[in-house]
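S.K.: Structure file input_14.txt, compact mmCIF, C-alpha atoms and all ligand atoms, is pasted below:
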```txt
# COMPACT_ATOMS: atom_id res chain seq x y z
CA MET A 865 73.73 75.11 129.16
CA LYS A 866 71.91 77.61 131.34
CA ASP A 867 70.57 79.65 128.52
CA THR A 868 67.83 77.62 126.94
CA ARG A 869 67.38 80.20 124.23
CA ARG A 870 70.92 79.55 123.13
CA ILE A 871 70.35 75.83 123.01
CA ARG A 872 67.22 76.20 120.99
CA GLY A 873 68.76 78.70 118.69
CA THR A 874 71.92 76.77 118.08
CA ALA A 875 70.66 73.25 117.93
CA GLY A 876 67.55 74.27 116.14
CA HIS A 877 69.35 76.23 113.55
CA GLY A 878 68.62 75.68 109.92
CA ARG A 879 69.31 72.18 108.99
CA HIS A 880 69.70 71.95 105.31
CA ALA A 881 67.64 69.30 103.68
CA ARG A 882 68.43 67.92 100.31
CA PRO A 883 65.46 66.07 98.97
CA GLY A 884 65.82 63.29 96.49
CA ARG A 885 63.25 61.34 94.57
CA LEU A 886 59.58 61.64 95.20
CA GLY A 887 59.47 58.20 96.76
CA THR A 888 62.08 59.14 99.29
CA LEU A 889 60.24 62.30 100.12
CA ALA A 890 56.97 60.55 100.61
CA ALA A 891 58.72 58.14 102.93
CA ILE A 892 60.28 60.80 105.09
CA GLY A 893 57.39 63.21 105.05
CA ALA A 894 55.89 62.12 108.34
CA LEU A 895 59.15 61.61 110.18
CA THR A 896 61.03 63.83 112.54
CA LEU A 897 63.85 66.23 111.97
CA ALA A 898 66.37 63.59 112.95
CA ALA A 899 65.04 61.24 110.35
CA LEU A 900 65.02 63.98 107.78
CA ALA A 901 68.66 64.72 108.41
CA THR A 902 69.65 61.16 107.68
CA ALA A 903 67.24 60.30 104.93
CA SER A 904 69.17 59.06 101.97
CA ALA A 905 68.89 61.10 98.86
CA THR A 906 70.07 60.24 95.41
CA LEU A 907 72.57 62.73 94.17
CA PRO A 908 71.12 64.61 91.26
CA LEU A 909 73.14 64.97 88.12
CA PRO A 910 75.19 68.11 87.62
CA ILE A 911 72.87 70.94 86.77
CA ARG A 912 75.00 73.46 85.01
CA ALA A 913 78.36 73.30 83.36
CA SER A 914 79.66 75.90 85.80
CA ALA A 915 78.48 74.11 88.92
CA GLY A 916 80.55 71.94 91.21
CA PRO A 917 83.41 72.58 93.57
CA ALA A 918 86.83 73.44 92.28
CA SER A 919 89.03 71.55 94.73
CA THR A 920 89.49 68.46 92.66
CA ALA A 921 93.00 68.99 91.31
CA HIS A 922 95.15 66.00 92.11
CA ASP A 923 98.42 65.67 93.92
CA SER A 924 99.38 62.07 94.60
CA THR A 925 101.02 62.73 97.98
CA LEU A 926 97.63 63.95 99.23
CA THR A 927 95.66 61.01 97.88
CA PRO A 928 95.40 59.12 101.21
CA CYS A 929 94.12 62.31 102.85
CA ARG A 930 91.45 62.94 100.26
CA ILE A 931 88.91 60.85 102.15
CA ALA A 932 85.90 60.47 99.91
CA PRO A 933 82.20 60.84 100.65
CA ALA A 934 80.89 57.52 101.94
CA ALA A 935 78.03 55.81 100.13
CA GLY A 936 74.59 56.43 101.55
CA VAL A 937 75.53 59.66 103.29
CA GLN A 938 73.27 62.49 102.27
CA MET A 939 75.73 65.31 102.82
CA SER A 940 79.29 64.34 103.64
CA GLU A 941 82.58 65.88 104.72
CA GLY A 942 84.27 63.89 101.97
CA VAL A 943 86.59 65.30 99.31
CA PRO A 944 85.80 66.05 96.57
CA THR A 945 82.33 67.43 97.08
CA PRO A 946 79.90 65.74 94.68
CA THR A 947 78.66 67.74 91.72
CA GLY A 948 75.34 69.55 91.82
CA TYR A 949 76.33 72.12 94.43
CA THR A 950 77.31 75.68 93.65
CA ARG A 951 80.91 76.29 92.63
CA SER A 952 82.81 77.73 95.62
CA THR A 953 85.60 79.69 93.93
CA GLY A 954 85.67 82.56 91.49
CA THR A 955 82.76 84.87 90.92
CA VAL A 956 79.44 83.59 92.22
CA ARG A 957 76.27 85.56 91.55
CA ALA A 958 73.63 85.32 94.26
CA LEU A 959 70.05 86.26 93.45
CA ASN A 960 68.31 87.79 96.48
CA LEU A 961 64.54 87.95 96.57
CA MET A 962 62.69 89.50 99.48
CA VAL A 963 59.29 87.86 99.79
CA ASP A 964 56.24 88.66 101.88
CA PHE A 965 52.68 87.44 102.30
CA SER A 966 49.20 88.87 102.75
CA ASP A 967 49.15 87.57 106.34
CA ALA A 968 52.72 88.81 106.94
CA PRO A 969 53.24 91.99 104.93
CA GLY A 970 56.84 93.13 104.81
CA PRO A 971 57.47 95.92 107.31
CA GLY A 972 59.38 98.85 105.88
CA ARG A 973 61.48 98.60 102.77
CA ALA A 974 62.58 95.34 101.22
CA ALA A 975 66.01 96.92 100.76
CA ASP A 976 66.35 97.10 104.53
CA ARG A 977 65.86 93.34 104.79
CA LEU A 978 68.60 92.89 102.19
CA GLY A 979 70.75 95.28 104.23
CA GLU A 980 70.62 92.93 107.23
CA PHE A 981 72.81 90.48 105.27
CA PHE A 982 74.87 92.59 102.89
CA PRO A 983 77.56 93.61 102.43
CA GLN A 984 78.59 91.55 105.50
CA THR A 985 77.94 88.15 103.91
CA SER A 986 80.07 88.94 100.84
CA GLN A 987 82.82 90.29 103.08
CA TRP A 988 82.66 87.19 105.29
CA PHE A 989 83.21 84.95 102.26
CA ARG A 990 85.97 87.17 100.90
CA THR A 991 87.83 87.00 104.23
CA SER A 992 87.32 83.30 104.81
CA SER A 993 88.31 82.36 101.24
CA TYR A 994 91.36 84.67 101.09
CA GLY A 995 89.63 86.41 98.20
CA ARG A 996 89.03 83.22 96.23
CA LEU A 997 85.25 83.47 96.41
CA ASP A 998 83.96 86.67 94.87
CA TYR A 999 80.37 86.62 96.11
CA ARG A 1000 78.19 89.08 94.22
CA PRO A 1001 74.80 89.72 95.81
CA GLU A 1002 72.22 91.03 93.38
CA ALA A 1003 68.66 92.15 93.97
CA PRO A 1004 67.05 93.04 90.65
CA LEU A 1005 63.66 93.47 92.35
CA LYS A 1006 63.71 96.33 94.80
CA ASP A 1007 60.32 95.71 96.42
CA TRP A 1008 58.79 92.93 98.43
CA LEU A 1009 57.68 90.08 96.24
CA ARG A 1010 54.14 89.25 97.38
CA MET A 1011 53.29 85.56 97.33
CA PRO A 1012 49.85 84.56 96.04
CA LEU A 1013 49.00 82.53 99.17
CA PRO A 1014 49.09 83.53 102.83
CA PHE A 1015 52.20 82.26 104.65
CA ALA A 1016 50.09 79.88 106.70
CA ASP A 1017 48.89 78.09 103.57
CA TYR A 1018 52.39 76.89 102.58
CA GLY A 1019 52.68 74.76 105.71
CA ILE A 1020 56.25 75.90 106.37
CA GLU A 1021 57.50 74.68 109.70
CA ARG A 1022 60.75 73.57 111.18
CA GLY A 1023 62.01 70.47 109.46
CA ALA A 1024 59.43 70.75 106.70
CA PRO A 1025 60.47 68.70 103.67
CA TYR A 1026 60.61 70.11 100.16
CA GLU A 1027 57.32 68.51 99.20
CA PRO A 1028 54.80 69.94 99.02
CA GLY A 1029 55.16 73.30 100.81
CA TYR A 1030 58.56 74.43 99.61
CA ARG A 1031 57.95 73.24 96.08
CA ARG A 1032 54.78 75.33 96.00
CA LEU A 1033 56.57 78.34 97.47
CA VAL A 1034 59.46 78.10 94.99
CA GLN A 1035 57.04 77.63 92.10
CA ASP A 1036 55.12 80.73 93.19
CA ILE A 1037 58.35 82.73 93.55
CA VAL A 1038 59.33 81.75 90.03
CA THR A 1039 55.91 82.62 88.64
CA VAL A 1040 55.81 86.05 90.27
CA ALA A 1041 59.45 87.03 89.67
CA ASP A 1042 60.15 85.46 86.28
CA PRO A 1043 58.85 88.33 84.13
CA GLN A 1044 61.53 90.55 85.66
CA VAL A 1045 64.32 88.13 86.57
CA ASP A 1046 66.55 85.94 84.39
CA PHE A 1047 67.17 83.08 86.80
CA SER A 1048 69.78 81.54 84.49
CA GLU A 1049 72.19 84.36 85.34
CA TYR A 1050 72.61 83.25 88.95
CA ASP A 1051 74.56 80.53 90.74
CA LEU A 1052 72.46 80.43 93.91
CA VAL A 1053 69.28 81.97 95.29
CA ASN A 1054 68.63 83.56 98.68
CA ILE A 1055 64.98 83.91 99.69
CA LEU A 1056 64.97 86.57 102.40
CA VAL A 1057 61.55 86.07 103.93
CA THR A 1058 59.88 88.98 105.68
CA PRO A 1059 60.97 88.73 109.34
CA ASN A 1060 57.38 88.73 110.63
CA ALA A 1061 56.43 85.47 108.87
CA GLY A 1062 56.49 82.48 111.20
CA PRO A 1063 57.85 82.20 114.73
CA SER A 1064 60.66 84.17 116.34
CA ALA A 1065 64.09 82.63 115.79
CA LEU A 1066 64.35 82.52 119.57
CA ASP A 1067 61.61 79.90 119.55
CA THR A 1068 62.18 78.01 116.34
CA VAL A 1069 64.70 78.57 113.59
CA LEU A 1070 63.06 77.94 110.24
CA SER A 1071 66.00 78.99 108.07
CA VAL A 1072 66.87 76.18 105.72
CA THR A 1073 68.72 75.39 102.51
CA PHE A 1074 67.80 72.96 99.79
CA SER A 1075 71.03 72.23 97.96
CA GLY A 1076 72.01 70.01 95.08
CA ASN A 1077 68.32 69.61 94.39
CA GLY A 1078 68.07 69.05 90.66
CA GLU A 1079 64.35 68.35 90.89
CA ALA A 1080 63.43 71.83 92.03
CA PRO A 1081 61.09 73.90 89.85
CA LYS A 1082 62.82 75.39 86.82
CA ALA A 1083 63.01 78.97 85.71
CA ASP A 1084 64.63 80.20 82.51
CA GLY A 1085 65.73 76.65 81.80
CA VAL A 1086 67.53 76.00 85.10
CA PRO A 1087 66.24 74.38 88.30
CA LEU A 1088 66.47 76.42 91.50
CA SER A 1089 68.69 73.66 92.85
CA ASN A 1090 70.66 75.62 95.45
CA THR A 1091 68.32 77.86 97.39
CA SER A 1092 68.61 79.23 100.94
CA PHE A 1093 65.62 80.50 102.91
CA VAL A 1094 66.18 82.89 105.80
CA TYR A 1095 63.38 83.66 108.26
CA SER A 1096 62.96 85.86 111.31
CA ARG A 1097 65.99 87.49 112.91
CA GLN A 1098 68.66 85.65 114.86
CA ASP A 1099 68.69 88.34 117.51
CA ASP A 1100 69.77 87.00 120.89
CA GLY A 1101 69.00 90.28 122.62
CA SER A 1102 72.64 90.91 123.49
CA GLY A 1103 72.75 94.01 121.34
CA SER A 1104 75.00 92.46 118.71
CA TYR A 1105 72.38 91.85 116.02
CA SER A 1106 73.54 94.63 113.72
CA ARG A 1107 77.06 93.17 113.70
CA THR A 1108 76.39 89.44 113.80
CA GLY A 1109 72.78 88.80 112.74
CA TYR A 1110 73.77 88.25 109.10
CA ARG A 1111 75.70 85.08 109.99
CA VAL A 1112 72.77 82.78 109.35
CA LEU A 1113 73.21 83.48 105.64
CA PRO A 1114 76.85 82.37 105.24
CA HIS A 1115 75.82 79.27 107.23
CA GLU A 1116 72.93 78.52 104.88
CA ASN A 1117 75.07 79.29 101.84
CA GLY A 1118 77.68 76.88 103.23
CA HIS A 1119 75.13 74.20 102.38
CA VAL A 1120 74.80 75.34 98.77
CA PHE A 1121 78.57 74.87 98.53
CA GLY A 1122 78.15 71.33 99.89
CA LEU A 1123 79.06 71.69 103.58
CA PRO A 1124 77.13 69.62 106.15
CA ASP A 1125 75.76 70.79 109.50
CA LEU A 1126 78.22 70.26 112.35
CA TYR A 1127 75.83 70.83 115.23
CA THR A 1128 73.84 67.84 116.37
CA MET A 1129 70.51 67.34 118.10
CA ASP A 1130 72.39 68.01 121.32
CA GLY A 1131 73.71 71.38 120.16
CA GLY A 1132 77.16 72.61 119.25
CA GLY A 1133 79.10 70.30 121.55
CA THR A 1134 81.20 68.47 118.97
CA VAL A 1135 82.74 71.49 117.22
CA GLY A 1136 81.74 74.50 119.30
CA HIS A 1137 82.53 77.87 117.79
CA TRP A 1138 85.28 76.67 115.45
CA ASP A 1139 83.10 76.60 112.33
CA ILE A 1140 80.10 78.58 111.16
CA MET A 1141 78.41 75.29 110.17
CA SER A 1142 78.44 74.50 113.90
CA GLU A 1143 77.46 77.87 115.40
CA ASP A 1144 76.13 80.85 113.51
CA TRP A 1145 74.73 82.92 116.38
CA GLY A 1146 76.72 85.49 118.29
CA ALA A 1147 80.37 86.35 117.74
CA ASN A 1148 81.85 85.88 114.29
CA ASN A 1149 83.73 82.68 113.48
CA ASP A 1150 85.51 81.12 110.55
CA LEU A 1151 85.41 77.71 108.87
CA LEU A 1152 87.62 74.76 109.71
CA GLY A 1153 90.71 74.31 107.57
CA TRP A 1154 89.24 71.03 106.34
CA HIS A 1155 86.28 72.96 104.93
CA LYS A 1156 88.56 75.50 103.29
CA TRP A 1157 90.45 72.74 101.51
CA LYS A 1158 87.17 71.07 100.51
CA LEU A 1159 85.94 74.38 99.10
CA GLY A 1160 89.13 75.03 97.13
CA TRP A 1161 90.23 77.96 99.30
CA LEU A 1162 93.46 76.20 100.30
CA ASP A 1163 95.87 74.95 97.66
CA ASN A 1164 97.14 71.41 97.85
CA ALA A 1165 100.56 72.91 98.61
CA GLN A 1166 99.08 74.36 101.82
CA VAL A 1167 98.09 70.91 103.04
CA SER A 1168 100.34 68.07 104.19
CA CYS A 1169 99.36 64.45 104.54
CA ALA A 1170 100.85 62.37 107.34
CA ALA A 1171 99.99 58.97 105.91
CA ALA A 1172 103.20 57.05 106.50
CA PRO A 1173 104.16 55.40 109.81
CA GLY A 1174 106.73 57.25 111.89
CA GLU A 1175 107.25 60.87 112.81
CA SER A 1176 106.89 64.03 110.78
CA GLU A 1177 107.16 67.71 111.68
CA HIS A 1178 104.89 70.40 110.30
CA ASP A 1179 105.07 74.18 110.52
CA LEU A 1180 101.58 75.64 110.46
CA THR A 1181 100.62 79.29 109.98
CA PRO A 1182 97.39 80.76 111.41
CA LEU A 1183 94.34 79.78 109.39
CA ALA A 1184 93.06 83.35 109.43
CA THR A 1185 96.04 84.77 107.53
CA GLU A 1186 96.60 84.36 103.82
CA GLY A 1187 99.37 82.12 102.52
CA GLY A 1188 101.58 79.53 104.13
CA HIS A 1189 101.05 75.99 105.28
CA LYS A 1190 97.61 75.65 106.92
CA LEU A 1191 96.52 72.06 107.41
CA ALA A 1192 98.12 68.76 108.34
CA PHE A 1193 95.92 65.70 107.99
CA VAL A 1194 96.43 62.23 109.43
CA PRO A 1195 94.29 59.70 107.57
CA LEU A 1196 93.06 56.77 109.66
CA SER A 1197 90.95 54.99 107.05
CA GLU A 1198 89.18 55.73 103.80
CA GLU A 1199 86.49 57.52 105.79
CA SER A 1200 88.24 59.24 108.66
CA GLY A 1201 91.28 61.11 109.89
CA PHE A 1202 92.60 63.83 112.19
CA ALA A 1203 93.01 67.41 111.01
CA VAL A 1204 95.54 69.76 112.61
CA GLU A 1205 95.47 73.56 112.15
CA VAL A 1206 96.28 76.81 113.95
CA ARG A 1207 93.53 79.15 115.13
CA THR A 1208 94.12 82.70 116.33
CA ARG A 1209 91.94 85.73 116.98
CA ALA A 1210 92.08 87.30 113.52
CA GLY A 1211 90.05 87.52 110.34
CA ASN A 1212 86.61 86.03 110.92
CA ASP A 1213 87.68 84.44 114.21
CA GLU A 1214 86.82 87.21 116.64
CA ALA A 1215 85.99 85.05 119.66
CA VAL A 1216 89.21 83.01 119.96
CA CYS A 1217 90.30 83.24 123.61
CA LYS A 1218 93.04 80.61 123.53
CA PRO A 1219 95.05 80.58 120.31
CA GLY A 1220 96.79 77.36 119.42
CA VAL A 1221 96.65 74.09 117.55
CA LEU A 1222 93.13 72.83 116.93
CA ILE A 1223 92.81 69.08 116.37
CA TYR A 1224 89.64 67.39 115.18
CA ARG A 1225 88.43 64.15 113.72
CA VAL A 1226 86.68 64.16 110.35
CA GLU A 1227 84.38 61.26 109.39
CA THR A 1228 82.95 61.13 105.90
CA ASP A 1229 80.57 58.30 106.76
CA VAL A 1230 78.78 60.38 109.40
CA ASP A 1231 75.94 62.41 107.98
CA THR A 1232 75.07 66.07 108.32
CA GLY A 1233 73.71 66.89 111.76
CA ARG A 1234 75.06 63.63 113.21
CA GLY A 1235 78.50 64.89 114.22
CA PRO A 1236 80.79 64.36 111.18
CA VAL A 1237 83.48 66.46 112.91
CA THR A 1238 84.59 66.16 116.53
CA VAL A 1239 87.01 68.66 118.07
CA SER A 1240 89.47 67.36 120.66
CA ASP A 1241 89.38 69.46 123.83
CA SER A 1242 92.87 70.00 125.28
CA GLU A 1243 91.28 70.96 128.59
CA GLU A 1244 88.23 68.83 129.20
CA ARG A 1245 85.64 70.01 131.71
CA SER A 1246 87.45 73.31 132.15
CA GLY A 1247 84.40 75.43 131.35
CA GLY A 1248 86.32 77.13 128.57
CA CYS A 1249 87.79 80.62 128.35
CA THR A 1250 84.96 82.66 126.86
CA ARG A 1251 81.73 84.04 128.25
CA ARG A 1252 80.50 85.49 125.01
CA PRO A 1253 76.82 84.86 124.41
CA ASN A 1254 75.98 82.04 122.00
CA VAL A 1255 79.49 80.62 121.97
CA HIS A 1256 79.86 77.04 123.21
CA ALA A 1257 82.15 77.79 126.13
CA GLU A 1258 83.60 74.36 126.93
CA LEU A 1259 85.39 73.98 123.58
CA SER A 1260 86.60 77.59 123.45
CA ASP A 1261 89.91 76.56 125.03
CA ALA A 1262 90.21 73.38 122.96
CA PRO A 1263 93.44 74.32 121.10
CA TYR A 1264 96.69 72.70 122.23
CA GLY A 1265 99.57 74.95 123.28
CA PRO A 1266 103.34 74.49 123.32
CA GLY A 1267 104.34 71.47 125.41
CA GLU A 1268 100.91 69.88 125.11
CA THR A 1269 100.31 66.62 123.28
CA PHE A 1270 97.17 65.15 121.76
CA ARG A 1271 97.03 61.35 121.95
CA ASP A 1272 94.54 58.96 120.43
CA ARG A 1273 95.03 55.61 122.08
CA GLU A 1274 92.94 53.65 119.62
CA SER A 1275 94.87 54.68 116.50
CA GLY A 1276 98.23 55.31 118.14
CA VAL A 1277 98.35 58.80 116.65
CA SER A 1278 99.86 61.63 118.65
CA VAL A 1279 100.38 65.31 117.88
CA ALA A 1280 102.88 67.22 120.01
CA VAL A 1281 103.02 71.00 119.89
CA LEU A 1282 106.74 71.76 119.85
CA GLY A 1283 106.61 75.55 119.93
CA THR A 1284 105.62 78.83 118.35
CA ASP A 1285 107.53 81.05 115.99
CA GLY A 1286 106.49 84.34 117.51
CA ASP A 1287 104.48 85.15 114.42
CA GLY A 1288 101.41 83.14 115.32
CA GLY A 1289 102.75 79.98 113.69
CA TYR A 1290 103.26 76.63 115.45
CA ARG A 1291 105.46 73.59 114.87
CA VAL A 1292 103.91 70.20 115.55
CA ARG A 1293 105.26 66.67 115.51
CA ILE A 1294 102.90 63.99 114.30
CA SER A 1295 103.66 60.41 115.30
CA ARG A 1296 101.84 57.33 114.12
CA SER A 1297 102.53 53.67 114.32
ZN ZN A 1301 72.51 74.22 108.45
```
Now that the file is in, can you turn its structure into structure tokens?
Ligand SMILES: [Zn+2]
M.R.:
Amino acid sequence: MKDTRRIRGTAGHGRHARPGRLGTLAAIGALTLAALATASATLPLPIRASAGPASTAHDSTLTPCRIAPAAGVQMSEGVPTPTGYTRSTGTVRALNLMVDFSDAPGPGRAADRLGEFFPQTSQWFRTSSYGRLDYRPEAPLKDWLRMPLPFADYGIERGAPYEPGYRRLVQDIVTVADPQVDFSEYDLVNILVTPNAGPSALDTVLSVTFSGNGEAPKADGVPLSNTSFVYSRQDDGSGSYSRTGYRVLPHENGHVFGLPDLYTMDGGGTVGHWDIMSEDWGANNDLLGWHKWKLGWLDNAQVSCAAAPGESEHDLTPLATEGGHKLAFVPLSEESGFAVEVRTRAGNDEAVCKPGVLIYRVETDVDTGRGPVTVSDSEERSGGCTRRPNVHAELSDAPYGPGETFRDRESGVSVAVLGTDGDGGYRVRISRS
């Protein structure tokens, strides 16, 4: 943790906030970011017939592993994802609006701002979803959309709640864009704010997503219920911005698909670089297998559920490659379990320095930003195997290799890595009492 910029950037990165009723918002308005992240919010009703995740098909052998969202958790790891979020499979149309202000006029062309995020974001989703999410970015307005108020007047700061600043901003965006945009044609909205509005991302990350928010202002009959805002540039000065700076957007869009933040107030120490909802600066990374199942990118046939006492063996293929068995899950309760998957340097996972079997605990009763996922480190206090900037080093060598065994004393669960198949796949033996 020498690089304080990294800590700020990572830990400070774009918490989503999903506001609920006005009363709730008034209550949380004066509180801190931590309080905001745990404020309870009533789930809004489904907004559109097409909304909602697709991974709800049932297979009774997986039932014990389909640990559900716990009551009172704002944004949970549970399966299935509640309705109100954007559908995460098939064709999804993203409306991109580039906005600027009189006190922060957009430098250069608005199309260049769009070009910082596309086509990389669409490609990232195509790769991570094995082609199941066809993300179509559209920008019907080619120029900067000038807001009627100066940026300073909206009161946008880190952790700012939806009311009143964001509601005013969204209302103004609708008013200015509506004559030329049919908002009902889109599944989600990206507001790409001019990079000179607000502080540098090195100081404070303002990027934020309001998802599942059925009380957002309406346009063309639909509320802007799943909207990501991206500010500044996540440029760490390492020279990689042109290749990796877009990654804030797939992170923010992860929230519109219902994924919680995996970093905590302490940074990325519970998941490290194994999921873009944990770290979205620096080298590219993928999503956890749990997230891919939650999003409908893994079939039920690609998941096995080790619910019964005794031993079972599982052959797992690398998460980054399409097809094959990807995820074994060991349920511990109705709210928690261990996930087992294979991570290699391929696909979106460019920073993997120790391929192997990644094991992590998922807890659906732990809220976004509070550590709902915890990766088990096979080599604690090793310092890790990567020195890439903005990658949590300690957990970079977390995967278990052949001959190594994960043991959880409390539950009596163990996972032994029996060997590899020479093709990147691993065989594991799960034992539980
Ligand atoms: Zn976030």
S.K.: Can you pull out the residues contacting Ile1037 of chain A? Cut-off 12 Å, using all atoms listed in the file, and skip same-chain residues under 5 positions away; I want them as an mmCIF file with C-alpha atoms, keeping the file's coordinate frame.
M.R.:
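Now in selection_35.cif:
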```cif
data_model
loop_
_atom_site.group_PDB
_atom_site.id
_atom_site.type_symbol
_atom_site.label_atom_id
_atom_site.label_comp_id
_atom_site.auth_asym_id
_atom_site.auth_seq_id
_atom_site.Cartn_x
_atom_site.Cartn_y
_atom_site.Cartn_z
ATOM 1 C CA ASN A 960 68.310 87.790 96.480
ATOM 2 C CA LEU A 961 64.540 87.950 96.570
ATOM 3 C CA MET A 962 62.690 89.500 99.480
ATOM 4 C CA VAL A 963 59.290 87.860 99.790
ATOM 5 C CA ASP A 964 56.240 88.660 101.880
ATOM 6 C CA PHE A 965 52.680 87.440 102.300
ATOM 7 C CA TRP A 1008 58.790 92.930 98.430
ATOM 8 C CA LEU A 1009 57.680 90.080 96.240
ATOM 9 C CA ARG A 1010 54.140 89.250 97.380
ATOM 10 C CA MET A 1011 53.290 85.560 97.330
ATOM 11 C CA PRO A 1012 49.850 84.560 96.040
ATOM 12 C CA LEU A 1013 49.000 82.530 99.170
ATOM 13 C CA TYR A 1030 58.560 74.430 99.610
ATOM 14 C CA ARG A 1031 57.950 73.240 96.080
ATOM 15 C CA ARG A 1032 54.780 75.330 96.000
ATOM 16 C CA ASP A 1042 60.150 85.460 86.280
ATOM 17 C CA PRO A 1043 58.850 88.330 84.130
ATOM 18 C CA GLN A 1044 61.530 90.550 85.660
ATOM 19 C CA VAL A 1045 64.320 88.130 86.570
ATOM 20 C CA PHE A 1047 67.170 83.080 86.800
ATOM 21 C CA VAL A 1053 69.280 81.970 95.290
ATOM 22 C CA ASN A 1054 68.630 83.560 98.680
ATOM 23 C CA ILE A 1055 64.980 83.910 99.690
ATOM 24 C CA LEU A 1056 64.970 86.570 102.400
ATOM 25 C CA VAL A 1057 61.550 86.070 103.930
ATOM 26 C CA PRO A 1081 61.090 73.900 89.850
ATOM 27 C CA LYS A 1082 62.820 75.390 86.820
ATOM 28 C CA ALA A 1083 63.010 78.970 85.710
ATOM 29 C CA LEU A 1088 66.470 76.420 91.500
ATOM 30 C CA THR A 1091 68.320 77.860 97.390
#
```
S.K.: Got a sec: who's within 8 Å of Met1141 of chain A, counting all atoms listed in the file, leaving out chain neighbours fewer than 6 positions off, as a list in words?
M.R.: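 Those residues are His1115, Gly1118, Leu1123, Pro1124, Asp1125, Leu1126, Tyr1127 and Leu1151 of chain A.
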S.K.: With a distance cut-off of 8 Å and all atoms listed in the file, select the neighbouring residues of segment 1278-1294 of chain A, excluding the residue or stretch itself and same-chain residues fewer than 5 positions from it, and output the selection as a ChimeraX atom specification.
M.R.: /A:1170,1175-1182,1206,1208,1220-1221,1264-1272
S.K.: So the first atom is atom CA of Gly1101 of chain A and the second is atom CA of Asn1148 of chain A; what is the distance between them in Å, to one decimal place?
M.R.: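 So the answer is 15.9 Å.
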S.K.: The centre and edge lengths of an axis-aligned box containing all atoms of segment 1127-1142 of chain A present in the file, extended by 5 Å on each side, are to be given in Å to one decimal, as lines of an AutoDock Vina configuration file.
M.R.:
```
center_x = 77.9
center_y = 73.0
center_z = 115.9
size_x = 24.8
size_y = 21.2
size_z = 21.4
```
S.K.: Which is closest to Gly970 of chain A among A:Gly1160, A:Pro1028, A:Gly1133, A:Pro1059, if we use all atoms listed in the file?
M.R.: A:Pro1059
S.K.: Smallest atom-to-atom distance to Val1167 of chain A: which of A:Phe1093, A:Asp923, A:Ser1064, A:Arg1022, using only C-alpha atoms?
M.R.: A:Asp923
S.K.: From the list A:Glu1049, A:Glu1079, A:Asp1100, A:Asp1139, which residue is nearest ligand ZN 1301 (chain A) when using only C-alpha atoms and all ligand atoms?
M.R.: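 Looking only at the distances to ligand ZN 1301 (chain A), the closest residue turns out to be A:Asp1139.
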S.K.: Identify, on the basis of only C-alpha atoms, every residue whose closest approach to Phe989 of chain A does not exceed 8 Å; exclude the query and any residue fewer than 3 positions from it along the same chain; express the result as a PyMOL selection string.
M.R.: chain A and resi 985-986+992-993+995+997-999+1114
S.K.: Please list as a list in words every residue within 6 Å of Cys1249 of chain A, counting all atoms listed in the file and excluding residues in the same chain fewer than 5 positions away.
M.R.: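 Counting only the stated atoms, we get Cys1217, Ser1260 and Asp1261 of chain A.
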S.K.: With distances taken over all atoms listed in the file, which of A:Phe1074, A:Tyr1050, A:Trp988, A:Tyr949 is nearest to ligand ZN 1301 (chain A)?
M.R.: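 Closest to ligand ZN 1301 (chain A), using all atoms listed in the file: A:Phe1074.
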S.K.: Could you jot down the atom CA of Tyr1105 of chain A to atom CA of Pro969 of chain A separation for me, Å, one decimal place?
M.R.: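 Separating atom CA of Tyr1105 of chain A from atom CA of Pro969 of chain A is a distance of 22.1 Å.
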